[in-house]
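Engineer: I'm passing along target-v4.pdb; it holds PDB, C-alpha atoms.
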MODEL        1
ATOM      1  CA  MET A   1      24.521   3.739  41.539
ATOM      2  CA  GLY A   2      21.045   4.975  40.640
ATOM      3  CA  GLN A   3      18.713   2.932  38.473
ATOM      4  CA  GLY A   4      16.606   5.842  37.234
ATOM      5  CA  MET A   5      15.379   6.371  33.697
ATOM      6  CA  ILE A   6      15.941   9.655  31.827
ATOM      7  CA  GLN A   7      12.602  11.441  31.599
ATOM      8  CA  GLY A   8      11.518  13.386  28.538
ATOM      9  CA  GLY A   9      14.079  14.230  25.880
ATOM     10  CA  TRP A  10      11.637  14.091  22.957
ATOM     11  CA  GLY A  11      12.971  17.416  21.754
ATOM     12  CA  TYR A  12      16.373  15.807  21.133
ATOM     13  CA  VAL A  13      14.752  12.783  19.463
ATOM     14  CA  ILE A  14      12.720  14.984  17.100
ATOM     15  CA  ALA A  15      15.801  17.114  16.328
ATOM     16  CA  VAL A  16      17.882  14.039  15.440
ATOM     17  CA  TYR A  17      15.215  12.493  13.207
ATOM     18  CA  GLY A  18      14.412  15.856  11.597
ATOM     19  CA  ILE A  19      18.028  16.767  10.842
ATOM     20  CA  SER A  20      18.819  13.263   9.543
ATOM     21  CA  TRP A  21      15.807  13.163   7.225
ATOM     22  CA  GLY A  22      16.379  16.727   6.078
ATOM     23  CA  VAL A  23      20.043  16.156   5.205
ATOM     24  CA  MET A  24      19.518  12.785   3.499
ATOM     25  CA  LEU A  25      16.485  13.956   1.502
ATOM     26  CA  GLY A  26      18.224  17.180   0.517
ATOM     27  CA  TYR A  27      21.365  15.315  -0.561
ATOM     28  CA  ALA A  28      19.300  12.762  -2.540
ATOM     29  CA  VAL A  29      17.305  15.466  -4.355
ATOM     30  CA  MET A  30      20.523  17.342  -5.199
ATOM     31  CA  LEU A  31      22.168  14.181  -6.590
ATOM     32  CA  LEU A  32      19.052  13.211  -8.573
ATOM     33  CA  ALA A  33      18.993  16.662 -10.177
ATOM     34  CA  GLN A  34      22.728  16.569 -10.967
ATOM     35  CA  ALA A  35      22.552  13.014 -12.358
ATOM     36  CA  ARG A  36      19.584  13.983 -14.535
ATOM     37  CA  GLU A  37      21.437  17.045 -15.799
ATOM     38  CA  SER A  38      24.532  15.009 -16.656
ATOM     39  CA  ALA A  39      22.324  12.487 -18.511
ATOM     40  CA  LEU A  40      20.736  15.258 -20.569
ATOM     41  CA  ALA A  41      24.112  16.822 -21.318
ATOM     42  CA  ARG A  42      25.356  13.494 -22.660
ATOM     43  CA  ALA A  43      22.170  12.594 -24.489
ATOM     44  CA  LEU A  44      22.008  15.782 -26.578
ATOM     45  CA  PRO A  45      25.363  15.512 -28.427
ATOM     46  CA  GLU A  46      24.900  11.724 -28.811
ATOM     47  CA  ALA A  47      21.454  12.200 -30.348
ATOM     48  CA  SER A  48      22.646  14.864 -32.761
ATOM     49  CA  ALA A  49      25.674  12.795 -33.787
ATOM     50  CA  ALA A  50      23.630   9.615 -34.319
ATOM     51  CA  SER A  51      20.805  11.223 -36.226
ATOM     52  CA  PRO A  52      21.463  14.732 -37.482
ATOM     53  CA  ALA A  53      18.076  14.942 -39.213
ATOM     54  CA  SER A  54      16.129  14.094 -36.085
ATOM     55  CA  SER A  55      17.835  16.839 -34.122
ATOM     56  CA  HIS A  56      16.096  19.402 -36.294
ATOM     57  CA  LYS A  57      12.614  18.076 -35.659
ATOM     58  CA  GLY A  58      10.167  20.721 -34.674
ATOM     59  CA  ARG A  59      12.278  23.553 -35.972
ATOM     60  CA  ALA A  60      10.997  25.997 -38.515
ATOM     61  CA  PRO A  61      12.324  25.236 -41.996
TER      62      PRO A  61
ATOM     63  CA  MET B   1      27.079   5.045 -18.803
ATOM     64  CA  THR B   2      23.382   4.822 -19.615
ATOM     65  CA  SER B   3      20.219   5.880 -17.895
ATOM     66  CA  ARG B   4      20.188   2.434 -16.227
ATOM     67  CA  SER B   5      22.543   3.731 -13.541
ATOM     68  CA  TYR B   6      20.245   6.698 -12.970
ATOM     69  CA  VAL B   7      17.184   4.436 -12.644
ATOM     70  CA  ALA B   8      19.087   1.981 -10.393
ATOM     71  CA  GLY B   9      20.394   4.768  -8.163
ATOM     72  CA  ALA B  10      16.992   6.427  -7.898
ATOM     73  CA  ALA B  11      15.200   3.103  -7.261
ATOM     74  CA  LEU B  12      17.638   1.980  -4.554
ATOM     75  CA  SER B  13      17.412   5.371  -2.868
ATOM     76  CA  ALA B  14      13.601   5.240  -2.963
ATOM     77  CA  ILE B  15      13.560   1.708  -1.464
ATOM     78  CA  GLY B  16      16.048   2.860   1.174
ATOM     79  CA  PHE B  17      13.863   5.823   2.124
ATOM     80  CA  ALA B  18      10.736   3.619   2.217
ATOM     81  CA  LEU B  19      12.435   1.112   4.530
ATOM     82  CA  LEU B  20      13.696   3.980   6.651
ATOM     83  CA  VAL B  21      10.087   5.176   7.130
ATOM     84  CA  VAL B  22       9.144   1.680   8.398
ATOM     85  CA  ALA B  23      12.209   1.429  10.672
ATOM     86  CA  HIS B  24      11.718   4.894  12.141
ATOM     87  CA  TYR B  25       7.990   4.302  12.703
ATOM     88  CA  LEU B  26       8.853   1.116  14.628
ATOM     89  CA  GLY B  27      11.666   2.853  16.488
ATOM     90  CA  LEU B  28       9.613   5.900  17.457
ATOM     91  CA  PHE B  29       6.199   4.390  18.208
ATOM     92  CA  VAL B  30       6.430   0.591  18.603
ATOM     93  CA  ALA B  31       9.768  -0.244  20.271
ATOM     94  CA  PRO B  32       9.742  -0.051  24.080
ATOM     95  CA  ARG B  33      11.520   2.714  25.987
ATOM     96  CA  GLU B  34      15.100   1.874  26.814
ATOM     97  CA  ALA B  35      15.533   0.891  30.496
ATOM     98  CA  MET B  36      17.874   3.753  31.403
ATOM     99  CA  MET B  37      17.816   6.178  28.481
ATOM    100  CA  GLY B  38      14.018   6.245  28.198
ATOM    101  CA  ASP B  39      12.732   7.836  24.976
ATOM    102  CA  VAL B  40      16.161   9.323  24.251
ATOM    103  CA  GLY B  41      17.240   5.741  23.408
ATOM    104  CA  ARG B  42      15.116   6.021  20.231
ATOM    105  CA  ILE B  43      17.896   8.178  18.774
ATOM    106  CA  LEU B  44      19.964   4.994  18.467
ATOM    107  CA  TYR B  45      17.698   3.690  15.650
ATOM    108  CA  VAL B  46      19.094   6.532  13.534
ATOM    109  CA  HIS B  47      22.541   6.922  15.039
ATOM    110  CA  VAL B  48      23.788   3.309  15.020
ATOM    111  CA  PRO B  49      22.806   2.478  11.381
ATOM    112  CA  THR B  50      24.337   5.793  10.274
ATOM    113  CA  ALA B  51      27.593   4.789  11.995
ATOM    114  CA  TRP B  52      27.587   1.329  10.390
ATOM    115  CA  GLY B  53      26.805   2.921   7.010
ATOM    116  CA  ALA B  54      29.593   5.501   7.265
ATOM    117  CA  LEU B  55      32.245   2.883   8.102
ATOM    118  CA  LEU B  56      30.960   0.555   5.369
ATOM    119  CA  PHE B  57      31.060   3.223   2.660
ATOM    120  CA  TYR B  58      34.563   4.212   3.712
ATOM    121  CA  LEU B  59      35.494   0.549   3.313
ATOM    122  CA  GLY B  60      33.970   0.677  -0.182
ATOM    123  CA  ALA B  61      35.953   3.848  -0.920
ATOM    124  CA  PHE B  62      39.135   2.143   0.285
ATOM    125  CA  VAL B  63      38.557  -0.799  -2.102
ATOM    126  CA  ALA B  64      37.736   1.591  -4.978
ATOM    127  CA  ALA B  65      40.893   3.605  -4.211
ATOM    128  CA  ILE B  66      43.006   0.465  -4.544
ATOM    129  CA  GLY B  67      41.167  -0.302  -7.807
ATOM    130  CA  SER B  68      41.870   3.238  -9.015
ATOM    131  CA  LEU B  69      45.591   3.013  -8.233
ATOM    132  CA  TRP B  70      45.821  -0.486  -9.708
ATOM    133  CA  SER B  71      43.964   0.114 -12.970
ATOM    134  CA  GLY B  72      44.070   3.889 -13.450
ATOM    135  CA  ARG B  73      40.499   3.744 -14.744
ATOM    136  CA  ARG B  74      38.105   6.667 -14.403
ATOM    137  CA  GLY B  75      35.281   4.472 -13.103
ATOM    138  CA  TRP B  76      37.243   3.519  -9.976
ATOM    139  CA  ASP B  77      38.260   7.139  -9.430
ATOM    140  CA  ALA B  78      34.619   8.238  -9.662
ATOM    141  CA  ALA B  79      33.555   5.382  -7.355
ATOM    142  CA  THR B  80      36.163   6.429  -4.763
ATOM    143  CA  THR B  81      34.894  10.003  -4.804
ATOM    144  CA  ALA B  82      31.249   8.918  -4.640
ATOM    145  CA  MET B  83      31.707   6.643  -1.624
ATOM    146  CA  VAL B  84      33.989   9.090   0.208
ATOM    147  CA  GLU B  85      31.328  11.778  -0.188
ATOM    148  CA  VAL B  86      28.437   9.532   0.939
ATOM    149  CA  GLY B  87      30.515   8.298   3.890
ATOM    150  CA  THR B  88      31.414  11.865   4.867
ATOM    151  CA  VAL B  89      27.778  13.025   4.761
ATOM    152  CA  MET B  90      26.948  10.093   7.058
ATOM    153  CA  THR B  91      29.881  10.876   9.383
ATOM    154  CA  PHE B  92      28.830  14.505   9.805
ATOM    155  CA  LEU B  93      25.271  13.332  10.510
ATOM    156  CA  LEU B  94      26.696  10.807  12.953
ATOM    157  CA  LEU B  95      28.523  13.530  14.902
ATOM    158  CA  VAL B  96      25.414  15.736  15.060
ATOM    159  CA  GLN B  97      23.187  12.817  16.111
ATOM    160  CA  GLY B  98      25.717  11.709  18.715
ATOM    161  CA  SER B  99      25.997  15.212  20.185
ATOM    162  CA  LEU B 100      22.204  15.525  20.460
ATOM    163  CA  TRP B 101      22.057  12.098  22.121
ATOM    164  CA  ALA B 102      24.955  12.889  24.490
ATOM    165  CA  ARG B 103      23.381  16.068  25.918
ATOM    166  CA  PRO B 104      20.501  14.378  27.811
ATOM    167  CA  THR B 105      22.480  11.188  28.624
ATOM    168  CA  TRP B 106      26.002  12.428  29.429
ATOM    169  CA  GLY B 107      25.073  16.014  30.250
ATOM    170  CA  THR B 108      27.255  17.503  27.498
ATOM    171  CA  TYR B 109      27.116  17.858  23.722
ATOM    172  CA  TRP B 110      30.770  16.991  23.304
ATOM    173  CA  THR B 111      33.623  15.386  25.210
ATOM    174  CA  TRP B 112      37.067  14.323  24.013
ATOM    175  CA  ASP B 113      36.263  10.650  24.455
ATOM    176  CA  PRO B 114      38.316   8.250  22.248
ATOM    177  CA  ARG B 115      35.290   7.220  20.104
ATOM    178  CA  LEU B 116      34.165  10.807  19.590
ATOM    179  CA  THR B 117      37.651  12.122  18.928
ATOM    180  CA  THR B 118      38.546   9.408  16.407
ATOM    181  CA  SER B 119      35.167   9.953  14.674
ATOM    182  CA  ALA B 120      35.850  13.695  14.401
ATOM    183  CA  VAL B 121      39.292  12.915  12.957
ATOM    184  CA  LEU B 122      37.582  10.577  10.467
ATOM    185  CA  ALA B 123      35.233  13.323   9.254
ATOM    186  CA  ALA B 124      38.135  15.768   8.962
ATOM    187  CA  ALA B 125      40.405  13.268   7.148
ATOM    188  CA  PHE B 126      37.823  12.381   4.496
ATOM    189  CA  GLY B 127      36.811  16.052   4.261
ATOM    190  CA  VAL B 128      40.418  16.745   3.312
ATOM    191  CA  VAL B 129      40.206  14.048   0.599
ATOM    192  CA  LEU B 130      37.243  15.867  -0.986
ATOM    193  CA  LEU B 131      38.976  19.227  -0.629
ATOM    194  CA  LEU B 132      42.202  17.888  -2.145
ATOM    195  CA  ARG B 133      40.243  16.661  -5.139
ATOM    196  CA  ARG B 134      38.943  20.159  -5.810
ATOM    197  CA  LEU B 135      42.413  21.663  -5.674
ATOM    198  CA  ILE B 136      44.095  19.494  -8.347
ATOM    199  CA  ASP B 137      43.296  20.171 -12.015
ATOM    200  CA  GLN B 138      45.357  17.493 -13.758
ATOM    201  CA  PRO B 139      43.114  14.364 -13.983
ATOM    202  CA  ALA B 140      45.786  11.656 -13.508
ATOM    203  CA  ARG B 141      47.439  13.455 -10.581
ATOM    204  CA  ARG B 142      44.025  14.133  -9.054
ATOM    205  CA  ALA B 143      43.006  10.464  -9.287
ATOM    206  CA  THR B 144      46.283   9.309  -7.697
ATOM    207  CA  ALA B 145      46.091  11.914  -4.924
ATOM    208  CA  THR B 146      42.447  11.009  -4.201
ATOM    209  CA  ALA B 147      43.242   7.297  -3.993
ATOM    210  CA  VAL B 148      46.333   7.732  -1.793
ATOM    211  CA  ALA B 149      44.574  10.210   0.518
ATOM    212  CA  THR B 150      41.582   7.829   0.806
ATOM    213  CA  ILE B 151      43.848   4.924   1.767
ATOM    214  CA  VAL B 152      45.636   7.080   4.354
ATOM    215  CA  ALA B 153      42.337   8.392   5.801
ATOM    216  CA  PHE B 154      40.968   4.830   5.961
ATOM    217  CA  VAL B 155      43.601   3.969   8.595
ATOM    218  CA  ASP B 156      41.312   5.740  11.097
ATOM    219  CA  VAL B 157      38.297   3.482  10.333
ATOM    220  CA  PRO B 158      39.450   0.435  12.354
ATOM    221  CA  ILE B 159      40.684   2.814  15.067
ATOM    222  CA  VAL B 160      37.161   4.272  15.338
ATOM    223  CA  TYR B 161      35.631   0.793  15.464
ATOM    224  CA  PHE B 162      37.996  -0.613  18.082
ATOM    225  CA  SER B 163      38.369   2.611  20.116
ATOM    226  CA  VAL B 164      35.731   1.449  22.618
ATOM    227  CA  LYS B 165      37.672  -1.805  23.126
ATOM    228  CA  TRP B 166      41.202  -0.404  23.175
ATOM    229  CA  TRP B 167      40.617   2.557  25.490
ATOM    230  CA  ASN B 168      38.527   3.298  28.540
ATOM    231  CA  SER B 169      35.646   5.045  26.785
ATOM    232  CA  LEU B 170      32.528   6.837  27.950
ATOM    233  CA  HIS B 171      30.877   5.592  24.750
ATOM    234  CA  GLN B 172      28.931   2.331  24.779
ATOM    235  CA  PRO B 173      30.805  -0.798  23.649
ATOM    236  CA  VAL B 174      29.972  -2.478  20.336
ATOM    237  CA  SER B 175      26.352  -3.735  20.378
ATOM    238  CA  SER B 176      25.401  -7.314  19.504
ATOM    239  CA  ARG B 177      22.355  -9.595  19.465
ATOM    240  CA  GLN B 178      23.198 -10.564  23.035
ATOM    241  CA  THR B 179      22.990  -6.980  24.284
ATOM    242  CA  ILE B 180      19.825  -5.848  22.425
ATOM    243  CA  ASP B 181      16.271  -7.166  23.003
ATOM    244  CA  SER B 182      14.443  -8.380  19.894
ATOM    245  CA  PRO B 183      11.756  -5.602  19.884
ATOM    246  CA  MET B 184      14.628  -3.146  19.666
ATOM    247  CA  MET B 185      16.683  -5.229  17.265
ATOM    248  CA  GLN B 186      13.951  -5.251  14.585
ATOM    249  CA  PRO B 187      13.857  -1.490  13.848
ATOM    250  CA  LEU B 188      17.636  -1.349  14.171
ATOM    251  CA  LEU B 189      18.190  -4.052  11.537
ATOM    252  CA  ILE B 190      15.565  -2.621   9.166
ATOM    253  CA  ALA B 191      17.181   0.808   9.519
ATOM    254  CA  ALA B 192      20.603  -0.730   8.854
ATOM    255  CA  VAL B 193      19.361  -2.333   5.601
ATOM    256  CA  ALA B 194      17.633   0.949   4.687
ATOM    257  CA  VAL B 195      20.804   2.998   5.210
ATOM    258  CA  LEU B 196      22.789   0.449   3.209
ATOM    259  CA  LEU B 197      20.387   0.572   0.234
ATOM    260  CA  LEU B 198      20.075   4.347   0.460
ATOM    261  CA  GLY B 199      23.843   4.723   0.595
ATOM    262  CA  ILE B 200      24.325   2.441  -2.417
ATOM    263  CA  GLY B 201      21.651   4.350  -4.353
ATOM    264  CA  LEU B 202      23.216   7.718  -3.533
ATOM    265  CA  SER B 203      26.701   6.399  -4.351
ATOM    266  CA  VAL B 204      25.498   5.205  -7.772
ATOM    267  CA  LEU B 205      23.982   8.632  -8.495
ATOM    268  CA  ARG B 206      27.109  10.431  -7.272
ATOM    269  CA  TRP B 207      29.310   8.039  -9.295
ATOM    270  CA  ARG B 208      27.283   8.848 -12.390
ATOM    271  CA  VAL B 209      27.638  12.604 -11.856
ATOM    272  CA  GLU B 210      31.387  12.315 -11.262
ATOM    273  CA  LEU B 211      31.954  10.040 -14.239
ATOM    274  CA  ALA B 212      30.020  12.423 -16.516
ATOM    275  CA  ARG B 213      32.171  15.280 -15.230
ATOM    276  CA  LEU B 214      35.383  13.335 -15.897
ATOM    277  CA  LEU B 215      34.247  12.394 -19.410
ATOM    278  CA  ALA B 216      33.258  15.988 -20.181
ATOM    279  CA  GLU B 217      36.617  17.160 -18.877
ATOM    280  CA  GLU B 218      38.412  14.699 -21.162
ATOM    281  CA  ALA B 219      36.288  15.637 -24.174
ATOM    282  CA  ALA B 220      36.887  19.362 -23.708
ATOM    283  CA  PRO B 221      39.417  20.678 -26.250
ATOM    284  CA  ASP B 222      42.788  21.693 -24.869
ATOM    285  CA  LEU B 223      43.052  25.428 -24.802
ATOM    286  CA  PRO B 224      46.120  26.914 -26.483
ATOM    287  CA  ASP B 225      48.790  28.308 -24.259
ATOM    288  CA  ALA B 226      48.172  31.859 -23.202
ATOM    289  CA  PRO B 227      50.073  34.352 -25.402
ATOM    290  CA  ALA B 228      53.116  35.979 -23.913
ATOM    291  CA  PRO B 229      52.387  39.376 -22.391
ATOM    292  CA  LEU B 230      53.106  42.273 -24.669
ATOM    293  CA  ASP B 231      56.311  44.082 -23.981
ATOM    294  CA  LEU B 232      55.294  47.702 -23.881
ATOM    295  CA  SER B 233      58.390  48.976 -22.158
ATOM    296  CA  GLY B 234      59.796  50.592 -25.280
ATOM    297  CA  ALA B 235      56.519  51.225 -27.098
ATOM    298  CA  SER B 236      55.516  54.519 -25.531
ATOM    299  CA  GLY B 237      58.799  56.166 -26.388
ATOM    300  CA  ALA B 238      58.693  58.092 -23.149
ATOM    301  CA  PRO B 239      61.855  57.494 -21.188
ATOM    302  CA  ARG B 240      61.369  56.632 -17.529
ATOM    303  CA  GLY B 241      62.971  58.455 -14.659
TER     304      GLY B 241
ENDMDL
END
I need this file expressed as C-alpha cells, please.
Structural biologist:
Amino acid sequence: MGQGMIQGGWGYVIAVYGISWGVMLGYAVMLLAQARESALARALPEASAASPASSHKGRAP
Amino acid sequence: MTSRSYVAGAALSAIGFALLVVAHYLGLFVAPREAMMGDVGRILYVHVPTAWGALLFYLGAFVAAIGSLWSGRRGWDAATTAMVEVGTVMTFLLLVQGSLWARPTWGTYWTWDPRLTTSAVLAAAFGVVLLLRRLIDQPARRATATAVATIVAFVDVPIVYFSVKWWNSLHQPVSSRQTIDSPMMQPLLIAAVAVLLLGIGLSVLRWRVELARLLAEEAAPDLPDAPAPLDLSGASGAPRG
C-alpha cells in the first residue's frame, strides 16, 4: 500500500470554504431581515394600541 | 416575544461567525498538512463541525417535536421548524462539502457508501418535513404533522452516526482525541463551538420569524365562507339543445 500524500487540491479547499461561508452568511442575512420585519410588524399595532396619540406624531394636523 | 430574542439571535450568530473566522484561519494557515490527504485535509475543519452541528440540531428538533406534541404550544412548534430548517441547511452543506472532499481523495464526487447514503436520506427526510409544513393550512394539524414527521425522520440520525461502525464503509470512522493530533484538534474544536453558537443564533432568529407568522395567522380574522355559485342555468331563458 502506498504511503504518498495527495498533492495540491487547494481548488477544492477554496470551493468548500467559499460555498460554506456564502450559504451560512446568506442564510443569516435573510433570517436577520425576516426577524427584523416581523418585529416591526408586531411593534406597529402594539404601539398604536398602547398610545393612540403618539402614533400620530409627525403627521400634519 | 420581544426584541431580546432578535438581539440574542443576532449576537450569537455574530460570535459564531467571529469564532469561525479564527477556526478557519487556524485550519487553513496554521494547522499542519494531513499526512495522507495533504492540504485537502483542511476541508475537514469545515466538514466535521458541520456534520456534528446538523446531527445536534436534529436532536434539538426531535426534543422540540416531543414538546410540541405533548403541550400543543406554538413555541415548541416554531422551535421544531427552526431547528429542522437549520439542520437541513447544514446537511445540504455537509453533502456538498463531502462531495468536494471525496473527489481528490476517493476519486469520485459520490458513491453509495452507507454513510453517504444515510446522510442523503437524512437531508431528504427533513426536506419532506419542511415541505409537508407548507402544504397544510390548518395550524393544529400542521403542528401535529410537523412533530410526527420530525420524530420519524429523526430515526435516521443514529443510523447516520453509527453507519461507519455497523457497515463496512469507505468513510472514515468516528474521530476522537486519540486519532487527531492537538494542532489539528484546536481548529476543529473552535469550529465546532462556532457552528454550535451560529446554529443556536440562527435557530433563535428562525424561531422568532416562525412564531410571528403563527401569531399573525391566529390574529387574522376568519374569512366568511365563499358564497354559493350563482345558478344561471335558467336565467338566460334560452333553452339548451
Engineer: Please, what distance in Å, to one decimal, runs between CA of Ala216 in chain B and CA of Gly127 in chain B?
Structural biologist: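 Result for CA of Ala216 in chain B versus CA of Gly127 in chain B: 24.7 Å, one decimal.
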Engineer: Would you mind listing, as a compact mmCIF listing (two decimals) with C-alpha atoms, keeping the file's coordinate frame, all residues of chain B that have at least one atom within 9 Å of chain A, where all atoms listed in the file are what counts?
Structural biologist:
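This went into selection.txt:
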# COMPACT_ATOMS: atom_id res chain seq x y z
CA MET B 1 27.08 5.04 -18.80
CA THR B 2 23.38 4.82 -19.61
CA SER B 3 20.22 5.88 -17.90
CA TYR B 6 20.24 6.70 -12.97
CA GLY B 9 20.39 4.77 -8.16
CA ALA B 10 16.99 6.43 -7.90
CA SER B 13 17.41 5.37 -2.87
CA PHE B 17 13.86 5.82 2.12
CA HIS B 24 11.72 4.89 12.14
CA LEU B 28 9.61 5.90 17.46
CA GLU B 34 15.10 1.87 26.81
CA ALA B 35 15.53 0.89 30.50
CA MET B 36 17.87 3.75 31.40
CA MET B 37 17.82 6.18 28.48
CA GLY B 38 14.02 6.24 28.20
CA ASP B 39 12.73 7.84 24.98
CA VAL B 40 16.16 9.32 24.25
CA GLY B 41 17.24 5.74 23.41
CA ARG B 42 15.12 6.02 20.23
CA ILE B 43 17.90 8.18 18.77
CA VAL B 46 19.09 6.53 13.53
CA HIS B 47 22.54 6.92 15.04
CA VAL B 89 27.78 13.02 4.76
CA MET B 90 26.95 10.09 7.06
CA LEU B 93 25.27 13.33 10.51
CA LEU B 94 26.70 10.81 12.95
CA VAL B 96 25.41 15.74 15.06
CA GLN B 97 23.19 12.82 16.11
CA GLY B 98 25.72 11.71 18.72
CA LEU B 100 22.20 15.52 20.46
CA TRP B 101 22.06 12.10 22.12
CA ARG B 103 23.38 16.07 25.92
CA PRO B 104 20.50 14.38 27.81
CA THR B 105 22.48 11.19 28.62
CA LEU B 198 20.08 4.35 0.46
CA GLY B 201 21.65 4.35 -4.35
CA LEU B 202 23.22 7.72 -3.53
CA LEU B 205 23.98 8.63 -8.49
CA ARG B 206 27.11 10.43 -7.27
CA TRP B 207 29.31 8.04 -9.30
CA ARG B 208 27.28 8.85 -12.39
CA VAL B 209 27.64 12.60 -11.86
CA GLU B 210 31.39 12.32 -11.26
CA ALA B 212 30.02 12.42 -16.52
CA ARG B 213 32.17 15.28 -15.23
CA ALA B 216 33.26 15.99 -20.18
Engineer: Could you tell me how far CA of Thr91 in chain B lies from CA of Val128 in chain B, in Å and to one decimal?
Structural biologist: 13.5 Å
Engineer: Name the residues that the PyMOL selection byres ((chain B and resi 148) around 12) picks from the file above, as a PyMOL selection string, using the file's chain letters and numbers.
Structural biologist: chain B and resi 61-70+77+80+126+128-129+132-133+141-147+149-155
Engineer: Each side padded by 3 Å, which centre and which edge lengths in Å (one decimal) define the axis-aligned box around the listed atoms of range 22-28 of chain A? Give them as lines of an AutoDock Vina configuration file.
Structural biologist:
center_x = 18.9
center_y = 15.0
center_z = 1.8
size_x = 11.0
size_y = 10.4
size_z = 14.6
Engineer: Applying 8 Å and all atoms listed in the file, which residues near Val86 in chain B remain after dropping the ones on its own chain fewer than 5 positions away? List them as a PyMOL selection string.
Structural biologist: chain B and resi 54+57+199+202-203
Engineer: Do you have the CA of Gly87 in chain B-CA of Leu56 in chain B distance handy?
Structural biologist: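 CA of Leu56 in chain B lies 7.9 Å from CA of Gly87 in chain B.
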